[in-house]
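Everything below belongs to entry.txt, which stores compact mmCIF, N, CA and C atoms.
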# COMPACT_ATOMS: atom_id res chain seq x y z
N MET A 1 6.82 19.72 -1.76
CA MET A 1 5.82 18.77 -1.33
C MET A 1 4.45 19.42 -1.44
N SER A 2 3.47 18.66 -1.86
CA SER A 2 2.11 19.15 -2.01
C SER A 2 1.30 18.88 -0.75
N PRO A 3 0.63 19.88 -0.17
CA PRO A 3 -0.16 19.63 1.02
C PRO A 3 -1.46 18.87 0.72
N THR A 4 -2.01 19.01 -0.48
CA THR A 4 -3.19 18.26 -0.87
C THR A 4 -2.96 17.65 -2.25
N VAL A 5 -3.41 16.39 -2.40
CA VAL A 5 -3.22 15.67 -3.66
C VAL A 5 -4.51 14.89 -3.95
N PRO A 6 -5.04 14.97 -5.17
CA PRO A 6 -6.23 14.19 -5.48
C PRO A 6 -5.92 12.71 -5.66
N GLN A 7 -6.93 11.85 -5.45
CA GLN A 7 -6.77 10.42 -5.73
C GLN A 7 -6.28 10.30 -7.18
N GLY A 8 -5.23 9.50 -7.39
CA GLY A 8 -4.65 9.34 -8.72
C GLY A 8 -3.67 10.43 -9.10
N GLY A 9 -3.52 11.46 -8.24
CA GLY A 9 -2.60 12.55 -8.52
C GLY A 9 -1.19 12.24 -8.04
N ALA A 10 -0.27 13.17 -8.29
CA ALA A 10 1.14 12.98 -7.94
C ALA A 10 1.50 13.75 -6.67
N LEU A 11 2.21 13.07 -5.77
CA LEU A 11 2.74 13.67 -4.56
C LEU A 11 4.24 13.83 -4.76
N GLU A 12 4.72 15.06 -4.59
CA GLU A 12 6.15 15.33 -4.74
C GLU A 12 6.81 15.23 -3.36
N ILE A 13 7.83 14.39 -3.25
CA ILE A 13 8.53 14.14 -1.99
C ILE A 13 9.96 14.65 -2.12
N GLU A 14 10.44 15.34 -1.08
CA GLU A 14 11.83 15.79 -1.07
C GLU A 14 12.29 15.96 0.37
N PHE A 15 13.40 15.29 0.74
CA PHE A 15 14.03 15.53 2.03
C PHE A 15 15.49 15.12 1.96
N PRO A 16 16.35 15.74 2.81
CA PRO A 16 17.78 15.44 2.77
C PRO A 16 18.08 14.10 3.44
N VAL A 17 19.10 13.41 2.93
CA VAL A 17 19.58 12.17 3.53
C VAL A 17 21.11 12.24 3.63
N PHE A 18 21.65 11.46 4.55
CA PHE A 18 23.10 11.35 4.68
C PHE A 18 23.44 9.88 4.82
N ARG A 19 24.23 9.36 3.90
CA ARG A 19 24.66 7.97 3.94
C ARG A 19 26.11 7.91 4.41
N LYS A 20 26.35 7.09 5.46
CA LYS A 20 27.72 6.89 5.93
C LYS A 20 28.45 5.91 5.04
N ARG A 21 27.70 4.91 4.53
CA ARG A 21 28.29 3.95 3.60
C ARG A 21 27.16 3.31 2.80
N ILE A 22 27.53 2.62 1.76
CA ILE A 22 26.55 2.00 0.88
C ILE A 22 26.54 0.49 1.14
N CYS A 23 25.35 -0.02 1.45
CA CYS A 23 25.17 -1.44 1.75
C CYS A 23 23.97 -1.96 0.97
N PRO A 24 23.91 -3.27 0.73
CA PRO A 24 22.70 -3.83 0.11
C PRO A 24 21.49 -3.53 1.00
N LEU A 25 20.36 -3.21 0.38
CA LEU A 25 19.18 -2.92 1.16
C LEU A 25 17.91 -3.30 0.43
N VAL A 26 16.86 -3.46 1.23
CA VAL A 26 15.51 -3.69 0.71
C VAL A 26 14.71 -2.45 1.09
N THR A 27 14.11 -1.82 0.10
CA THR A 27 13.33 -0.61 0.31
C THR A 27 11.86 -0.89 0.06
N LYS A 28 11.01 -0.42 0.96
CA LYS A 28 9.56 -0.53 0.77
C LYS A 28 8.97 0.85 1.00
N ARG A 29 8.03 1.22 0.13
CA ARG A 29 7.39 2.53 0.23
C ARG A 29 5.91 2.32 0.49
N TRP A 30 5.38 3.07 1.48
CA TRP A 30 4.00 2.89 1.91
C TRP A 30 3.26 4.21 1.97
N LEU A 31 1.98 4.16 1.62
CA LEU A 31 1.08 5.29 1.79
C LEU A 31 -0.06 4.81 2.69
N TYR A 32 -0.31 5.53 3.78
CA TYR A 32 -1.40 5.22 4.70
C TYR A 32 -2.50 6.25 4.48
N ASP A 33 -3.72 5.80 4.16
CA ASP A 33 -4.80 6.73 3.87
C ASP A 33 -5.62 7.04 5.12
N ALA A 34 -6.69 7.84 4.95
CA ALA A 34 -7.51 8.28 6.07
C ALA A 34 -8.23 7.13 6.77
N ALA A 35 -8.44 6.01 6.09
CA ALA A 35 -9.09 4.85 6.68
C ALA A 35 -8.08 3.95 7.39
N GLY A 36 -6.79 4.32 7.36
CA GLY A 36 -5.76 3.51 7.98
C GLY A 36 -5.25 2.39 7.08
N GLU A 37 -5.72 2.34 5.85
CA GLU A 37 -5.27 1.31 4.91
C GLU A 37 -3.86 1.62 4.45
N ARG A 38 -3.04 0.57 4.36
CA ARG A 38 -1.67 0.71 3.88
C ARG A 38 -1.61 0.31 2.41
N HIS A 39 -1.14 1.23 1.58
CA HIS A 39 -1.00 0.99 0.15
C HIS A 39 0.48 0.89 -0.19
N SER A 40 0.86 -0.18 -0.89
CA SER A 40 2.24 -0.34 -1.33
C SER A 40 2.46 0.54 -2.55
N ILE A 41 3.52 1.33 -2.51
CA ILE A 41 3.87 2.18 -3.65
C ILE A 41 4.92 1.44 -4.46
N PRO A 42 4.72 1.33 -5.78
CA PRO A 42 5.69 0.57 -6.60
C PRO A 42 7.11 1.07 -6.40
N GLN A 43 8.04 0.12 -6.43
CA GLN A 43 9.45 0.43 -6.26
C GLN A 43 10.01 1.02 -7.55
N PHE A 44 11.17 1.56 -7.45
CA PHE A 44 11.82 2.16 -8.60
C PHE A 44 13.28 1.72 -8.63
N THR A 45 13.88 1.78 -9.79
CA THR A 45 15.30 1.51 -9.94
C THR A 45 15.90 2.73 -10.61
N THR A 46 16.90 3.33 -9.97
CA THR A 46 17.48 4.54 -10.53
C THR A 46 18.56 4.23 -11.56
N GLY A 47 19.25 3.11 -11.39
CA GLY A 47 20.35 2.80 -12.29
C GLY A 47 21.59 3.63 -11.99
N LEU A 48 21.52 4.46 -10.94
CA LEU A 48 22.66 5.29 -10.59
C LEU A 48 23.54 4.60 -9.57
N ARG A 49 24.81 4.94 -9.57
CA ARG A 49 25.73 4.42 -8.56
C ARG A 49 25.61 5.29 -7.32
N LEU A 50 25.16 4.73 -6.21
CA LEU A 50 25.00 5.49 -4.99
C LEU A 50 26.35 5.73 -4.34
N LEU A 51 26.50 6.90 -3.75
CA LEU A 51 27.73 7.25 -3.07
C LEU A 51 27.41 7.66 -1.64
N ALA A 52 28.37 7.47 -0.74
CA ALA A 52 28.19 7.92 0.64
C ALA A 52 28.21 9.44 0.65
N GLY A 53 27.55 10.01 1.67
CA GLY A 53 27.52 11.46 1.83
C GLY A 53 26.11 12.02 1.76
N ARG A 54 26.04 13.32 1.63
CA ARG A 54 24.75 14.01 1.60
C ARG A 54 24.14 13.98 0.20
N GLU A 55 22.82 13.87 0.19
CA GLU A 55 22.09 14.02 -1.05
C GLU A 55 20.65 14.36 -0.71
N THR A 56 19.86 14.65 -1.71
CA THR A 56 18.45 14.95 -1.51
C THR A 56 17.62 13.83 -2.12
N TYR A 57 16.71 13.28 -1.33
CA TYR A 57 15.78 12.24 -1.79
C TYR A 57 14.62 12.97 -2.45
N LYS A 58 14.44 12.75 -3.75
CA LYS A 58 13.34 13.36 -4.50
C LYS A 58 12.61 12.28 -5.26
N ARG A 59 11.32 12.21 -5.05
CA ARG A 59 10.48 11.25 -5.76
C ARG A 59 9.13 11.86 -6.03
N SER A 60 8.50 11.40 -7.07
CA SER A 60 7.12 11.74 -7.36
C SER A 60 6.36 10.43 -7.32
N ILE A 61 5.36 10.33 -6.43
CA ILE A 61 4.59 9.10 -6.34
C ILE A 61 3.15 9.37 -6.75
N THR A 62 2.50 8.35 -7.27
CA THR A 62 1.10 8.46 -7.64
C THR A 62 0.25 7.95 -6.49
N VAL A 63 -0.67 8.79 -6.02
CA VAL A 63 -1.59 8.40 -4.96
C VAL A 63 -2.58 7.40 -5.55
N PRO A 64 -2.73 6.22 -4.96
CA PRO A 64 -3.66 5.24 -5.51
C PRO A 64 -5.09 5.80 -5.61
N THR A 65 -5.77 5.47 -6.67
CA THR A 65 -7.16 5.93 -6.84
C THR A 65 -8.07 5.31 -5.78
N ALA A 66 -7.66 4.17 -5.20
CA ALA A 66 -8.46 3.52 -4.16
C ALA A 66 -8.20 4.10 -2.77
N ALA A 67 -7.25 5.02 -2.62
CA ALA A 67 -6.95 5.60 -1.31
C ALA A 67 -8.12 6.45 -0.83
N THR A 68 -8.46 6.31 0.45
CA THR A 68 -9.56 7.06 1.04
C THR A 68 -9.17 8.53 1.22
N PRO A 69 -10.00 9.46 0.74
CA PRO A 69 -9.70 10.89 0.93
C PRO A 69 -9.62 11.26 2.41
N GLY A 70 -8.78 12.25 2.71
CA GLY A 70 -8.59 12.74 4.07
C GLY A 70 -7.12 12.75 4.42
N PRO A 71 -6.76 12.88 5.71
CA PRO A 71 -5.36 12.91 6.13
C PRO A 71 -4.64 11.62 5.75
N ALA A 72 -3.41 11.75 5.28
CA ALA A 72 -2.63 10.59 4.85
C ALA A 72 -1.16 10.84 5.17
N ARG A 73 -0.37 9.75 5.05
CA ARG A 73 1.08 9.89 5.22
C ARG A 73 1.80 8.90 4.31
N TYR A 74 3.03 9.28 3.97
CA TYR A 74 3.90 8.47 3.13
C TYR A 74 5.14 8.15 3.95
N GLU A 75 5.57 6.88 3.92
CA GLU A 75 6.77 6.46 4.63
C GLU A 75 7.58 5.50 3.77
N VAL A 76 8.87 5.49 4.03
CA VAL A 76 9.78 4.55 3.37
C VAL A 76 10.45 3.73 4.47
N THR A 77 10.50 2.40 4.29
CA THR A 77 11.25 1.55 5.22
C THR A 77 12.46 1.01 4.48
N LEU A 78 13.59 0.98 5.19
CA LEU A 78 14.85 0.52 4.62
C LEU A 78 15.42 -0.56 5.52
N ASP A 79 15.78 -1.69 4.95
CA ASP A 79 16.43 -2.77 5.69
C ASP A 79 17.82 -2.98 5.09
N TYR A 80 18.85 -2.57 5.85
CA TYR A 80 20.24 -2.65 5.41
C TYR A 80 20.92 -3.91 5.95
N ILE A 81 21.74 -4.54 5.12
CA ILE A 81 22.62 -5.63 5.56
C ILE A 81 24.03 -5.22 5.15
N CYS A 82 24.78 -4.74 6.14
CA CYS A 82 26.11 -4.20 5.87
C CYS A 82 27.25 -5.15 6.22
N ASN A 83 26.94 -6.27 6.91
CA ASN A 83 28.00 -7.21 7.27
C ASN A 83 27.38 -8.59 7.51
N PRO A 84 28.21 -9.63 7.59
CA PRO A 84 27.69 -10.99 7.76
C PRO A 84 26.86 -11.18 9.03
N LEU A 85 27.19 -10.48 10.10
CA LEU A 85 26.42 -10.62 11.33
C LEU A 85 24.96 -10.18 11.11
N GLN A 86 24.77 -9.10 10.37
CA GLN A 86 23.41 -8.62 10.11
C GLN A 86 22.65 -9.59 9.20
N SER A 87 23.35 -10.34 8.39
CA SER A 87 22.70 -11.38 7.59
C SER A 87 22.14 -12.46 8.50
N TRP A 88 22.84 -12.70 9.60
CA TRP A 88 22.46 -13.76 10.52
C TRP A 88 21.40 -13.31 11.53
N ILE A 89 21.60 -12.14 12.17
CA ILE A 89 20.67 -11.69 13.22
C ILE A 89 19.55 -10.78 12.71
N GLY A 90 19.71 -10.25 11.53
CA GLY A 90 18.68 -9.38 10.96
C GLY A 90 19.25 -8.04 10.54
N PRO A 91 18.58 -7.40 9.61
CA PRO A 91 19.09 -6.14 9.07
C PRO A 91 18.90 -4.95 10.01
N ILE A 92 19.57 -3.87 9.68
CA ILE A 92 19.32 -2.58 10.33
C ILE A 92 18.04 -2.05 9.70
N HIS A 93 17.03 -1.77 10.53
CA HIS A 93 15.73 -1.33 10.04
C HIS A 93 15.58 0.18 10.28
N VAL A 94 15.33 0.93 9.22
CA VAL A 94 15.18 2.39 9.31
C VAL A 94 13.84 2.76 8.68
N VAL A 95 13.10 3.67 9.34
CA VAL A 95 11.85 4.19 8.80
C VAL A 95 12.03 5.69 8.60
N SER A 96 11.67 6.16 7.42
CA SER A 96 11.80 7.59 7.12
C SER A 96 10.83 8.41 7.97
N PRO A 97 11.10 9.69 8.11
CA PRO A 97 10.10 10.55 8.76
C PRO A 97 8.81 10.52 7.91
N PRO A 98 7.64 10.51 8.55
CA PRO A 98 6.40 10.49 7.76
C PRO A 98 6.20 11.82 7.04
N ILE A 99 5.74 11.73 5.80
CA ILE A 99 5.37 12.91 5.03
C ILE A 99 3.85 12.98 5.09
N LYS A 100 3.33 13.98 5.79
CA LYS A 100 1.88 14.10 5.95
C LYS A 100 1.30 15.01 4.88
N PHE A 101 0.13 14.62 4.37
CA PHE A 101 -0.57 15.40 3.36
C PHE A 101 -2.05 15.01 3.40
N THR A 102 -2.85 15.63 2.57
CA THR A 102 -4.28 15.33 2.51
C THR A 102 -4.64 14.84 1.12
N ILE A 103 -5.35 13.72 1.08
CA ILE A 103 -5.85 13.20 -0.19
C ILE A 103 -7.23 13.80 -0.41
N THR A 104 -7.43 14.37 -1.58
CA THR A 104 -8.74 14.92 -1.94
C THR A 104 -9.40 13.98 -2.94
N PRO A 105 -10.72 14.01 -3.02
CA PRO A 105 -11.41 13.14 -3.97
C PRO A 105 -11.05 13.50 -5.41
N SER A 106 -10.94 12.48 -6.26
CA SER A 106 -10.69 12.77 -7.68
C SER A 106 -11.96 13.36 -8.29
N ASP A 107 -13.12 13.01 -7.70
CA ASP A 107 -14.40 13.57 -8.10
C ASP A 107 -14.75 14.63 -7.06
N PRO A 108 -14.74 15.92 -7.44
CA PRO A 108 -14.98 16.99 -6.46
C PRO A 108 -16.32 16.86 -5.74
N ALA A 109 -17.27 16.11 -6.27
CA ALA A 109 -18.57 15.94 -5.62
C ALA A 109 -18.49 14.95 -4.45
N GLN A 110 -17.41 14.15 -4.38
CA GLN A 110 -17.23 13.17 -3.29
C GLN A 110 -16.72 13.89 -2.05
N PRO A 111 -17.43 13.77 -0.91
CA PRO A 111 -16.97 14.47 0.29
C PRO A 111 -15.76 13.79 0.94
N ILE A 112 -14.97 14.57 1.66
CA ILE A 112 -13.87 14.02 2.46
C ILE A 112 -14.46 13.58 3.79
N PRO A 113 -14.21 12.33 4.23
CA PRO A 113 -14.75 11.87 5.51
C PRO A 113 -14.29 12.75 6.66
N SER A 114 -15.18 13.03 7.59
CA SER A 114 -14.79 13.82 8.76
C SER A 114 -14.34 12.89 9.88
N GLY A 115 -13.54 13.43 10.79
CA GLY A 115 -13.09 12.65 11.93
C GLY A 115 -11.95 11.71 11.64
N SER A 116 -11.34 11.78 10.45
CA SER A 116 -10.20 10.92 10.11
C SER A 116 -8.93 11.58 10.59
N ASP A 117 -7.99 10.75 11.04
CA ASP A 117 -6.68 11.29 11.43
C ASP A 117 -5.59 10.36 10.94
N GLY A 118 -4.89 10.74 9.85
CA GLY A 118 -3.88 9.89 9.20
C GLY A 118 -2.69 9.85 9.92

For the file at hand, write its structure as C-alpha cells.
Amino acid sequence: MSPTVPQGGALEIEFPVFRKRICPLVTKRWLYDAAGERHSIPQFTTGLRLLAGRETYKRSITVPTAATPGPARYEVTLDYICNPLQSWIGPIHVVSPPIKFTITPSDPAQPIPSGSDG
C-alpha cells in the first residue's frame, strides 16, 4: 500500500479476507478525499470462480484527478444475499476496514490544504 498517492495516480490495496461461503453480492468501492467528498471507484469483473476460504484482496485503483489533496481513505461495501429471507428483509451489509493514505497534488506547485482530516 502506498502512503501517498498523487491525484490521478495508482493506490495499491492489499488485505486478507476469509469467505465462509459464496453468495450473490453487490460491491461498491468508495474513496473519501480531504474535503469529505465521496468518489465512486469503477467496479471490476475478475471472471474468476470465487471459492470459500482465505485469500488476499489485491487491487490497484486510480485516485480521481478531482479528489482534494490531503488525508483520504478507501472503503469497500459489500451487500450479500445468501438466502431467501435476506432477499425479503435486506442483505448482510459489510464495510471493509478503511485504507488511509494521503493524496498529493498532481501539480507539485498546488499546496495540500491544512486542517483536513480524512

As a PDB file with N, CA and C atoms, keeping the file's coordinate frame, please: all residues of range 14-117 of chain A that backbone DSSP puts in helix (DSSP H, G or I).
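Output contents, as saved in out.pdb:
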ATOM      1  N   PRO A  84      28.210  -9.630   7.590  1.00  0.00           N
ATOM      2  CA  PRO A  84      27.690 -10.990   7.760  1.00  0.00           C
ATOM      3  C   PRO A  84      26.860 -11.180   9.030  1.00  0.00           C
ATOM      4  N   LEU A  85      27.190 -10.480  10.100  1.00  0.00           N
ATOM      5  CA  LEU A  85      26.420 -10.620  11.330  1.00  0.00           C
ATOM      6  C   LEU A  85      24.960 -10.180  11.110  1.00  0.00           C
ATOM      7  N   GLN A  86      24.770  -9.100  10.370  1.00  0.00           N
ATOM      8  CA  GLN A  86      23.410  -8.620  10.110  1.00  0.00           C
ATOM      9  C   GLN A  86      22.650  -9.590   9.200  1.00  0.00           C
ATOM     10  N   SER A  87      23.350 -10.340   8.390  1.00  0.00           N
ATOM     11  CA  SER A  87      22.700 -11.380   7.590  1.00  0.00           C
ATOM     12  C   SER A  87      22.140 -12.460   8.500  1.00  0.00           C
ATOM     13  N   TRP A  88      22.840 -12.700   9.600  1.00  0.00           N
ATOM     14  CA  TRP A  88      22.460 -13.760  10.520  1.00  0.00           C
ATOM     15  C   TRP A  88      21.400 -13.310  11.530  1.00  0.00           C
ATOM     16  N   ILE A  89      21.600 -12.140  12.170  1.00  0.00           N
ATOM     17  CA  ILE A  89      20.670 -11.690  13.220  1.00  0.00           C
ATOM     18  C   ILE A  89      19.550 -10.780  12.710  1.00  0.00           C
TER      19      ILE A  89
END

Quiz prompt | Atomic distance atom C of Tyr74 in chain A - atom C of Gln7 in chain A, expressed in Å with one decimal | solution = 16.1 Å

Exercise. Could you jot down the atom C of Pro84 in chain A to atom C of Lys20 in chain A separation for me, Å, one decimal place?
Key: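 For atom C of Pro84 in chain A relative to atom C of Lys20 in chain A, the distance reads 17.6 Å.
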
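Here atom C of Ala10 in chain A is placed at a distance of 24.0 Å from atom N of Asp79 in chain A.
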
Exercise. Might you pull out every residue within 5 Å of Arg29 in chain A, with all atoms listed in the file counted and same-chain residues fewer than 6 positions away left off, and present them as a PyMOL selection string?
Key: chain A and resi 40-41+75-77
